[in-house]
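Dropping coords-v2.csv in here (CSV, C-alpha atoms):
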chain,number,residue,atom,x,y,z
D,1,MET,CA,-5.6,4.6,-38.6
D,2,GLN,CA,-8.9,4.3,-36.8
D,3,VAL,CA,-9.3,6.3,-33.6
D,4,TYR,CA,-12.2,5.7,-31.2
D,5,ILE,CA,-13.7,8.9,-29.8
D,6,GLU,CA,-14.5,7.2,-26.4
D,7,TYR,CA,-10.8,6.3,-26.1
D,8,VAL,CA,-9.8,9.9,-26.7
D,9,ILE,CA,-12.3,11.1,-24.1
D,10,LEU,CA,-11.3,8.6,-21.4
D,11,ASN,CA,-7.6,9.1,-22.0
D,12,ASN,CA,-7.7,12.8,-21.9
D,13,LEU,CA,-10.2,13.2,-19.1
D,14,LEU,CA,-8.3,10.9,-16.7
D,15,ILE,CA,-4.8,12.2,-17.6
D,16,ASN,CA,-5.9,15.8,-17.3
D,17,ALA,CA,-7.5,15.0,-13.9
D,18,LEU,CA,-4.3,13.3,-12.7
D,19,ILE,CA,-2.1,16.1,-13.8
D,20,LEU,CA,-4.3,18.7,-12.2
D,21,VAL,CA,-4.6,16.7,-8.9
D,22,LEU,CA,-0.9,16.3,-8.7
D,23,THR,CA,-0.4,20.0,-9.3
D,24,LEU,CA,-2.8,20.9,-6.5
D,25,ARG,CA,-1.2,18.4,-4.2
D,26,PHE,CA,2.2,19.9,-4.8
D,27,MET,CA,0.8,23.3,-4.2
D,28,ARG,CA,-1.0,22.1,-1.0
D,29,TYR,CA,-4.3,23.3,-2.4
D,30,LYS,CA,-7.7,21.9,-1.6
D,31,ILE,CA,-9.2,20.0,-4.5
D,32,ASN,CA,-12.5,21.5,-5.8
D,33,LYS,CA,-14.1,18.6,-7.7
D,34,ILE,CA,-16.4,20.7,-9.8
D,35,ALA,CA,-13.5,23.0,-10.9
D,36,LEU,CA,-11.3,19.9,-11.5
D,37,LEU,CA,-14.0,18.3,-13.8
D,38,PHE,CA,-14.5,21.5,-15.7
D,39,ALA,CA,-10.8,22.0,-16.2
D,40,SER,CA,-10.3,18.4,-17.4
D,41,THR,CA,-13.2,18.8,-19.8
D,42,ILE,CA,-11.5,21.8,-21.4
D,43,GLY,CA,-8.6,19.5,-22.3
D,44,VAL,CA,-11.0,16.8,-23.5
D,45,ALA,CA,-12.8,19.3,-25.8
D,46,TYR,CA,-9.6,20.3,-27.3
D,47,ALA,CA,-8.5,16.7,-28.0
D,48,VAL,CA,-11.9,15.9,-29.5
D,49,PHE,CA,-12.0,18.8,-31.9
D,50,LEU,CA,-8.3,18.7,-32.8
D,51,PRO,CA,-8.7,16.1,-35.6
D,52,ILE,CA,-11.6,18.1,-37.1
D,53,PHE,CA,-10.0,21.6,-37.0
D,54,ASP,CA,-6.3,21.0,-37.8
D,55,ILE,CA,-5.6,24.7,-37.4
D,56,MET,CA,-6.0,24.2,-33.6
D,57,ASN,CA,-2.8,22.1,-33.6
D,58,ILE,CA,-0.5,25.0,-32.7
D,59,PHE,CA,1.8,25.3,-29.8
D,60,ILE,CA,0.6,28.7,-28.5
D,61,LEU,CA,-3.0,27.4,-28.3
D,62,LYS,CA,-2.0,24.4,-26.2
D,63,VAL,CA,-0.1,26.7,-23.8
D,64,VAL,CA,-3.1,29.0,-23.5
D,65,LEU,CA,-5.4,26.1,-22.8
D,66,SER,CA,-3.0,24.8,-20.2
D,67,LEU,CA,-2.9,28.1,-18.4
D,68,VAL,CA,-6.7,28.3,-18.5
D,69,MET,CA,-7.0,24.8,-16.9
D,70,VAL,CA,-4.6,25.7,-14.1
D,71,ALA,CA,-6.4,29.0,-13.5
D,72,THR,CA,-9.7,27.1,-13.3
D,73,VAL,CA,-8.6,24.8,-10.5
D,74,MET,CA,-6.5,27.4,-8.7
D,75,GLY,CA,-9.2,30.0,-8.5
D,76,ARG,CA,-8.2,33.4,-7.2
D,77,CYS,CA,-4.6,33.5,-6.0
D,78,ARG,CA,-1.5,35.6,-6.2
D,79,LEU,CA,0.3,35.7,-9.5
D,80,LYS,CA,3.5,34.1,-8.0
D,81,ARG,CA,1.5,31.1,-6.7
D,82,TYR,CA,-0.3,30.8,-10.1
D,83,LEU,CA,3.0,30.9,-12.0
D,84,CYS,CA,4.4,28.3,-9.7
D,85,ALA,CA,1.3,26.1,-10.3
D,86,CYS,CA,1.8,26.5,-14.0
D,87,ALA,CA,5.4,25.4,-13.8
D,88,ILE,CA,4.4,22.3,-11.8
D,89,PHE,CA,1.6,21.6,-14.2
D,90,PHE,CA,4.0,21.5,-17.2
D,91,ALA,CA,6.6,19.5,-15.3
D,92,VAL,CA,4.0,16.9,-14.3
D,93,THR,CA,2.7,16.8,-17.9
D,94,PHE,CA,6.1,16.1,-19.4
D,95,SER,CA,6.8,13.5,-16.7
D,96,LEU,CA,3.6,11.6,-17.4
D,97,GLY,CA,4.0,12.0,-21.1
D,98,GLY,CA,7.4,10.3,-20.8
D,99,ALA,CA,5.9,7.5,-18.7
D,100,VAL,CA,3.2,6.9,-21.2
D,101,ILE,CA,5.7,6.8,-24.1
D,102,GLY,CA,8.0,4.5,-22.2
D,103,ILE,CA,5.2,2.0,-21.4
D,104,SER,CA,4.1,2.1,-25.0
D,105,SER,CA,7.6,1.4,-26.2
D,106,MET,CA,7.9,-1.6,-23.8
D,107,LEU,CA,4.6,-2.9,-25.2
D,108,SER,CA,5.8,-2.3,-28.8
D,109,TYR,CA,3.2,0.4,-29.5
D,110,GLU,CA,4.0,3.0,-32.2
D,111,LEU,CA,3.8,6.6,-31.1
D,112,SER,CA,1.0,7.2,-33.6
D,113,GLU,CA,-1.1,4.4,-32.0
D,114,LEU,CA,-1.3,6.0,-28.6
D,115,SER,CA,-4.5,7.9,-29.3
D,116,SER,CA,-6.2,4.6,-30.3
D,117,SER,CA,-5.1,2.7,-27.2
D,118,LEU,CA,-6.0,2.9,-23.6
D,119,ILE,CA,-2.5,3.1,-22.3
D,120,PRO,CA,-2.9,6.7,-21.0
D,121,PHE,CA,-6.2,5.7,-19.4
D,122,TYR,CA,-4.5,2.9,-17.5
D,123,VAL,CA,-1.6,5.2,-16.4
D,124,ALA,CA,-4.1,7.8,-15.2
D,125,VAL,CA,-6.2,5.2,-13.3
D,126,ALA,CA,-3.1,3.8,-11.7
D,127,GLY,CA,-1.9,7.3,-10.7
D,128,LEU,CA,-5.2,8.3,-9.3
D,129,GLY,CA,-5.6,5.0,-7.4
D,130,ALA,CA,-2.1,5.5,-5.9
D,131,LEU,CA,-3.1,9.0,-4.7
D,132,CYS,CA,-6.3,7.7,-3.1
D,133,MET,CA,-4.4,4.9,-1.4
D,134,GLN,CA,-1.7,7.3,-0.2
D,135,ARG,CA,-4.4,9.6,1.2
D,136,LEU,CA,-6.2,6.8,3.0
D,137,ILE,CA,-3.0,5.4,4.5
D,138,SER,CA,-1.9,8.9,5.6
D,139,LYS,CA,-5.3,9.5,7.2
D,140,TYR,CA,-5.2,6.1,9.0
D,141,VAL,CA,-1.7,6.8,10.3
D,142,THR,CA,-2.7,10.3,11.5
D,143,LEU,CA,-5.8,8.9,13.3
D,144,ALA,CA,-3.7,6.1,14.9
D,145,ARG,CA,-1.1,8.6,16.2
D,146,ARG,CA,-3.8,10.9,17.6
D,147,LYS,CA,-5.6,8.0,19.2
D,148,SER,CA,-2.4,6.6,20.8
D,149,LYS,CA,-1.8,10.0,22.3
D,150,TYR,CA,-5.0,9.9,24.3
D,151,GLU,CA,-5.4,6.2,25.2
D,152,GLU,CA,-3.8,4.3,28.0
D,153,ASN,CA,-3.8,0.8,29.5
D,154,VAL,CA,-4.4,1.4,33.3
D,155,VAL,CA,-4.7,-0.7,36.4
D,156,LEU,CA,-7.4,0.3,38.9
D,157,ALA,CA,-7.1,-0.9,42.5
D,158,ALA,CA,-9.9,-0.9,45.1
D,159,ASN,CA,-11.2,-3.2,47.8
D,160,GLY,CA,-8.0,-5.3,47.5
D,161,VAL,CA,-8.7,-6.0,43.8
D,162,GLU,CA,-6.8,-4.9,40.7
D,163,VAL,CA,-8.4,-4.6,37.3
D,164,GLU,CA,-6.6,-3.8,34.1
D,165,CYS,CA,-8.6,-2.0,31.4
D,166,LYS,CA,-8.3,0.4,28.5
D,167,ALA,CA,-8.7,4.1,29.4
D,168,TYR,CA,-9.2,7.3,27.4
D,169,TYR,CA,-8.0,10.8,28.4
D,170,ASP,CA,-10.9,13.3,28.1
D,171,SER,CA,-9.9,17.0,28.2
D,172,GLY,CA,-13.5,17.8,29.0
D,173,ASN,CA,-13.6,15.6,32.2
D,174,ARG,CA,-13.1,18.1,35.0
D,175,LEU,CA,-15.2,16.3,37.6
D,176,TYR,CA,-14.3,16.5,41.3
D,177,TYR,CA,-15.9,14.8,44.2
D,178,LYS,CA,-14.8,16.0,47.7
D,179,ASN,CA,-11.9,17.8,46.1
D,180,LYS,CA,-10.7,14.6,44.4
D,181,PRO,CA,-10.3,14.3,40.6
D,182,THR,CA,-13.0,11.9,39.5
D,183,ILE,CA,-12.6,9.4,36.7
D,184,ILE,CA,-15.6,7.7,35.1
D,185,ILE,CA,-15.7,3.9,35.0
D,186,ASP,CA,-18.0,1.4,33.4
D,187,GLU,CA,-20.4,-0.4,35.7
D,188,SER,CA,-18.7,-3.7,34.7
D,189,ILE,CA,-15.4,-2.5,36.1
D,190,ALA,CA,-17.1,-1.3,39.3
D,191,LEU,CA,-18.6,-4.8,39.8
D,192,ARG,CA,-15.2,-6.5,39.3
D,193,LEU,CA,-13.7,-4.2,41.9
D,194,TYR,CA,-16.4,-4.3,44.5
D,195,GLY,CA,-19.1,-6.8,43.7
D,196,GLN,CA,-22.8,-6.2,43.7
D,197,ASN,CA,-23.2,-6.4,47.5
D,198,GLU,CA,-20.4,-4.0,48.3
D,199,LEU,CA,-21.6,-1.5,45.8
D,200,ILE,CA,-25.0,-1.4,47.4
D,201,LYS,CA,-23.4,-0.7,50.8
D,202,LEU,CA,-21.4,2.2,49.3
D,203,ASP,CA,-24.3,4.5,49.2
D,204,SER,CA,-22.5,7.6,47.9
D,205,PHE,CA,-24.1,9.5,45.1
D,206,THR,CA,-23.3,12.9,43.6
D,207,GLN,CA,-24.9,15.1,41.0
D,208,ILE,CA,-22.8,15.4,37.9
D,209,ASP,CA,-23.3,17.8,34.9
D,210,THR,CA,-23.0,15.9,31.6
D,211,VAL,CA,-23.7,17.0,28.0
D,212,THR,CA,-27.2,15.5,28.3
D,213,GLY,CA,-28.0,17.3,31.6
D,214,LYS,CA,-27.5,16.7,35.3
D,215,LYS,CA,-27.3,13.1,36.5
D,216,GLN,CA,-27.0,11.3,39.8
D,217,MET,CA,-24.0,9.0,39.7
D,218,GLN,CA,-22.6,6.7,42.3
D,219,VAL,CA,-19.1,7.5,43.3
D,220,VAL,CA,-16.7,4.9,44.8
D,221,PRO,CA,-13.2,5.4,46.2
D,222,ILE,CA,-10.2,4.1,44.3
D,223,ASP,CA,-7.1,3.0,46.2
D,224,TYR,CA,-4.8,4.0,43.4
D,225,LEU,CA,-4.6,4.2,39.6
D,226,ARG,CA,-1.5,3.0,37.7
D,227,GLU,CA,-0.7,3.6,34.1
D,228,GLU,CA,0.8,0.5,32.6
D,229,LYS,CA,3.6,2.3,30.7
D,230,LYS,CA,4.7,4.6,33.6
D,231,GLY,CA,4.2,2.3,36.5
D,232,ASP,CA,3.7,5.2,39.0
D,233,LYS,CA,0.7,4.9,41.3
D,234,ILE,CA,-1.7,7.8,41.4
D,235,TYR,CA,-3.6,8.2,44.8
D,236,GLY,CA,-6.5,10.3,45.8
D,237,VAL,CA,-8.8,9.5,42.9
D,238,SER,CA,-12.5,8.8,43.0
D,239,ALA,CA,-14.6,7.0,40.3
D,240,ALA,CA,-18.1,7.7,39.1
D,241,ILE,CA,-19.9,4.7,37.8
D,242,SER,CA,-21.6,5.0,34.4
D,243,ARG,CA,-23.8,2.5,32.5
D,244,HIS,CA,-23.4,4.3,29.2
D,245,ILE,CA,-19.7,3.8,28.4
D,246,LYS,CA,-19.6,2.0,25.1
D,247,GLY,CA,-16.8,0.5,23.0
D,248,GLU,CA,-13.4,-0.8,24.0
D,249,TYR,CA,-12.7,2.0,26.6
D,250,LYS,CA,-14.0,1.3,30.1
D,251,VAL,CA,-12.5,4.2,31.9
D,252,VAL,CA,-12.6,8.0,31.1
D,253,LEU,CA,-9.6,9.6,32.8
D,254,HIS,CA,-9.5,13.0,34.3
D,255,CYS,CA,-7.8,15.9,32.5
D,256,ASP,CA,-5.6,16.7,35.5
D,257,LEU,CA,-4.2,13.2,36.0

Do you think you could lay out the structure here as structure tokens?
Amino acid sequence: MQVYIEYVILNNLLINALILVLTLRFMRYKINKIALLFASTIGVAYAVFLPIFDIMNIFILKVVLSLVMVATVMGRCRLKRYLCACAIFFAVTFSLGGAVIGISSMLSYELSELSSSLIPFYVAVAGLGALCMQRLISKYVTLARRKSKYEENVVLAANGVEVECKAYYDSGNRLYYKNKPTIIIDESIALRLYGQNELIKLDSFTQIDTVTGKKQMQVVPIDYLREEKKGDKIYGVSAAISRHIKGEYKVVLHCDL
């Protein structure tokens, strides 16, 4: 039987990486890519030299190499956690081994032909791909939940006009103007509420401290602010007009609202 060395390297490198990544995920450990690559390479070196030095094909040596690989990716940790990681490593190894053998059987491969096929490589790629997708989806869901917690659709009323727009709660917005909590609105919202001529007549400016320094901003009265979901009207609010609000949010809400 002819065995291609590149197949052996690809199969073992990816399978080892998948087993170690799953072990670290179960242990809730951060993945060190350099340590992961080094540990996977240890397994590859064993697989490459095994056909040359048949004496290496002993059970105890395989166990020792596995323990070294786990120690490499775990780093310094308590003995109990290390032993737990080893148990998970062997459990995942046997599970993936069974999966590879099962797929080979379905595809009518003999067990002796596995080393000369790319079946383990495909299993490893599929597993690592699934882990990456799961991480991306989890990250997207977390960001969406966090974002939904701080965003609101609000209705601003002033000068007999109501304007609906997207708003964002900013815990750093602690602005007050004449003892009134002051939200920040985009200039386009102010123009829809008051119009250009009315804004010119409302000659009320205040100095506001921002992250870029102190700025003079025009402040206009708001009749009320209403959150779309709650329906309650909030009175006694002022609005500072900004020309620098970018993106879909046109209102920055006050932390005390």

For Ala190 in chain D, list every protein, DNA or RNA residue within 8 Å, evaluated using all atoms listed in the file, and leave out those in the same chain fewer than 5 positions away; present the list as a PDB file with C-alpha atoms, in the coordinates of the input.
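Written out: result.pdb:
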ATOM      1  CA  ILE D 185     -15.700   3.900  35.000  1.00  0.00           C
ATOM      2  CA  GLY D 195     -19.100  -6.800  43.700  1.00  0.00           C
ATOM      3  CA  LEU D 199     -21.600  -1.500  45.800  1.00  0.00           C
ATOM      4  CA  ILE D 241     -19.900   4.700  37.800  1.00  0.00           C
TER       5      ILE D 241
END

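Minimum atom-to-atom distances from D:Asn32, D:Arg81, D:Pro120, D:Ile137 to Gly102 in chain D were compared using all atoms listed in the file, and the lowest value belongs to D:Pro120.
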
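Each of D:Ala124, D:Met27, D:Leu131, D:Ala35 was compared to Tyr82 in chain D using only C-alpha atoms, and D:Met27 turns out to be the nearest.
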
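Nearest to Thr72 in chain D of all the residues D:Leu10, D:Ile34, D:Leu193, D:Ala47 is D:Ile34, counting all atoms listed in the file.
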
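Here the question is which of D:Phe59, D:Phe38, D:Tyr122, D:Tyr169 gets nearest to Val252 in chain D using only C-alpha atoms, and that residue is D:Tyr169.
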
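If you look at CA of Lys30 in chain D and CA of Tyr7 in chain D, they are 29.2 Å away from each other.
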
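The coordinates place CA of Lys233 in chain D at 15.3 Å from CA of Lys180 in chain D.
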
Which residue out of D:Phe26, D:Tyr168, D:Tyr177, D:Tyr194 has the minimum interatomic distance to Glu227 in chain D when only C-alpha atoms are used?
D:Tyr168

Enter the distance from CA of Asn197 in chain D to CA of Val161 in chain D, in Å, rounded to one decimal.
15.0 Å

Selection: 8 Å around Val92 in chain D, all atoms listed in the file, excl. self and same-chain fewer than 3 positions, as number ranges by chain:
D: 19, 22-23, 88-89, 95-96

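Nearest to Val220 in chain D of all the residues D:Ser238, D:Gln207, D:Asn153, D:Thr41 is D:Ser238, counting all atoms listed in the file.
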
Spatial neighbours of Ser40 in chain D, 12 Å, only C-alpha atoms, chain gap at least 3 places, as a PyMOL selection string
chain D and resi 9-21+33-37+43-47+65-66+68-73

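Omitting Ala167 in chain D and its sequence neighbours fewer than 3 positions away, and counting all atoms listed in the file, the residues within 10 Å are Tyr150, Glu151, Glu152, Asn153, Val154, Val155, Glu164, Asp170, Ile183, Ile184, Ile185, Glu227, Glu248, Tyr249, Lys250, Val251, Val252 and Leu253 of chain D.
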
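Contact shell of Ile222 in chain D at 8 Å (all atoms listed in the file; same-chain neighbours under 3 positions omitted): Leu156, Ala157, Ala158, Leu225, Tyr235, Gly236, Val237, Ser238 and Ala239 of chain D.
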
Can I get range 90-101 of chain D with all heavy atoms filled in, as a short mmCIF file (atom, residue, chain, number, x, y, z; two decimals), in the frame of the given file?
data_model
loop_
_atom_site.label_atom_id
_atom_site.label_comp_id
_atom_site.auth_asym_id
_atom_site.auth_seq_id
_atom_site.Cartn_x
_atom_site.Cartn_y
_atom_site.Cartn_z
N PHE D 90 3.24 21.91 -16.02
CA PHE D 90 4.00 21.50 -17.20
C PHE D 90 5.03 20.43 -16.86
O PHE D 90 5.26 19.51 -17.65
CB PHE D 90 4.69 22.72 -17.83
CG PHE D 90 3.74 23.66 -18.52
CD1 PHE D 90 3.60 24.96 -18.10
CD2 PHE D 90 2.97 23.22 -19.60
CE1 PHE D 90 2.72 25.83 -18.73
CE2 PHE D 90 2.08 24.08 -20.24
CZ PHE D 90 1.96 25.39 -19.80
N ALA D 91 5.63 20.52 -15.69
CA ALA D 91 6.60 19.50 -15.30
C ALA D 91 5.94 18.14 -15.14
O ALA D 91 6.46 17.11 -15.60
CB ALA D 91 7.27 19.91 -13.97
N VAL D 92 4.76 18.11 -14.50
CA VAL D 92 4.00 16.90 -14.30
C VAL D 92 3.57 16.33 -15.70
O VAL D 92 3.61 15.11 -15.96
CB VAL D 92 2.81 17.05 -13.40
CG1 VAL D 92 1.95 15.79 -13.35
CG2 VAL D 92 3.29 17.40 -11.99
N THR D 93 3.13 17.24 -16.58
CA THR D 93 2.70 16.80 -17.90
C THR D 93 3.78 16.13 -18.68
O THR D 93 3.58 15.06 -19.26
CB THR D 93 2.21 18.07 -18.71
OG1 THR D 93 1.12 18.69 -18.02
CG2 THR D 93 1.74 17.66 -20.10
N PHE D 94 4.96 16.72 -18.68
CA PHE D 94 6.10 16.10 -19.40
C PHE D 94 6.51 14.78 -18.77
O PHE D 94 6.85 13.83 -19.47
CB PHE D 94 7.27 17.07 -19.44
CG PHE D 94 7.00 18.34 -20.21
CD1 PHE D 94 7.52 19.56 -19.79
CD2 PHE D 94 6.22 18.31 -21.36
CE1 PHE D 94 7.26 20.72 -20.51
CE2 PHE D 94 5.96 19.46 -22.07
CZ PHE D 94 6.48 20.68 -21.65
N SER D 95 6.45 14.71 -17.44
CA SER D 95 6.80 13.50 -16.70
C SER D 95 5.85 12.34 -17.08
O SER D 95 6.27 11.22 -17.41
CB SER D 95 6.84 13.70 -15.23
OG SER D 95 7.79 14.68 -14.88
N LEU D 96 4.55 12.64 -17.04
CA LEU D 96 3.60 11.60 -17.40
C LEU D 96 3.62 11.25 -18.85
O LEU D 96 3.43 10.09 -19.23
CB LEU D 96 2.16 12.09 -17.00
CG LEU D 96 1.81 12.06 -15.51
CD1 LEU D 96 0.41 12.59 -15.28
CD2 LEU D 96 1.92 10.64 -14.96
N GLY D 97 3.87 12.26 -19.70
CA GLY D 97 4.00 12.00 -21.10
C GLY D 97 5.17 11.01 -21.37
O GLY D 97 5.06 10.07 -22.16
N GLY D 98 6.28 11.23 -20.68
CA GLY D 98 7.40 10.30 -20.80
C GLY D 98 7.08 8.93 -20.31
O GLY D 98 7.50 7.93 -20.92
N ALA D 99 6.30 8.86 -19.22
CA ALA D 99 5.90 7.50 -18.70
C ALA D 99 5.03 6.79 -19.68
O ALA D 99 5.21 5.59 -19.90
CB ALA D 99 5.18 7.73 -17.36
N VAL D 100 4.08 7.50 -20.27
CA VAL D 100 3.20 6.90 -21.20
C VAL D 100 3.96 6.37 -22.46
O VAL D 100 3.75 5.24 -22.94
CB VAL D 100 2.07 7.85 -21.67
CG1 VAL D 100 1.28 7.29 -22.85
CG2 VAL D 100 1.14 8.14 -20.51
N ILE D 101 4.88 7.21 -22.97
CA ILE D 101 5.70 6.80 -24.10
C ILE D 101 6.58 5.62 -23.78
O ILE D 101 6.74 4.69 -24.58
CB ILE D 101 6.53 8.00 -24.62
CG1 ILE D 101 5.61 9.09 -25.19
CG2 ILE D 101 7.53 7.56 -25.68
CD1 ILE D 101 6.33 10.38 -25.54
#
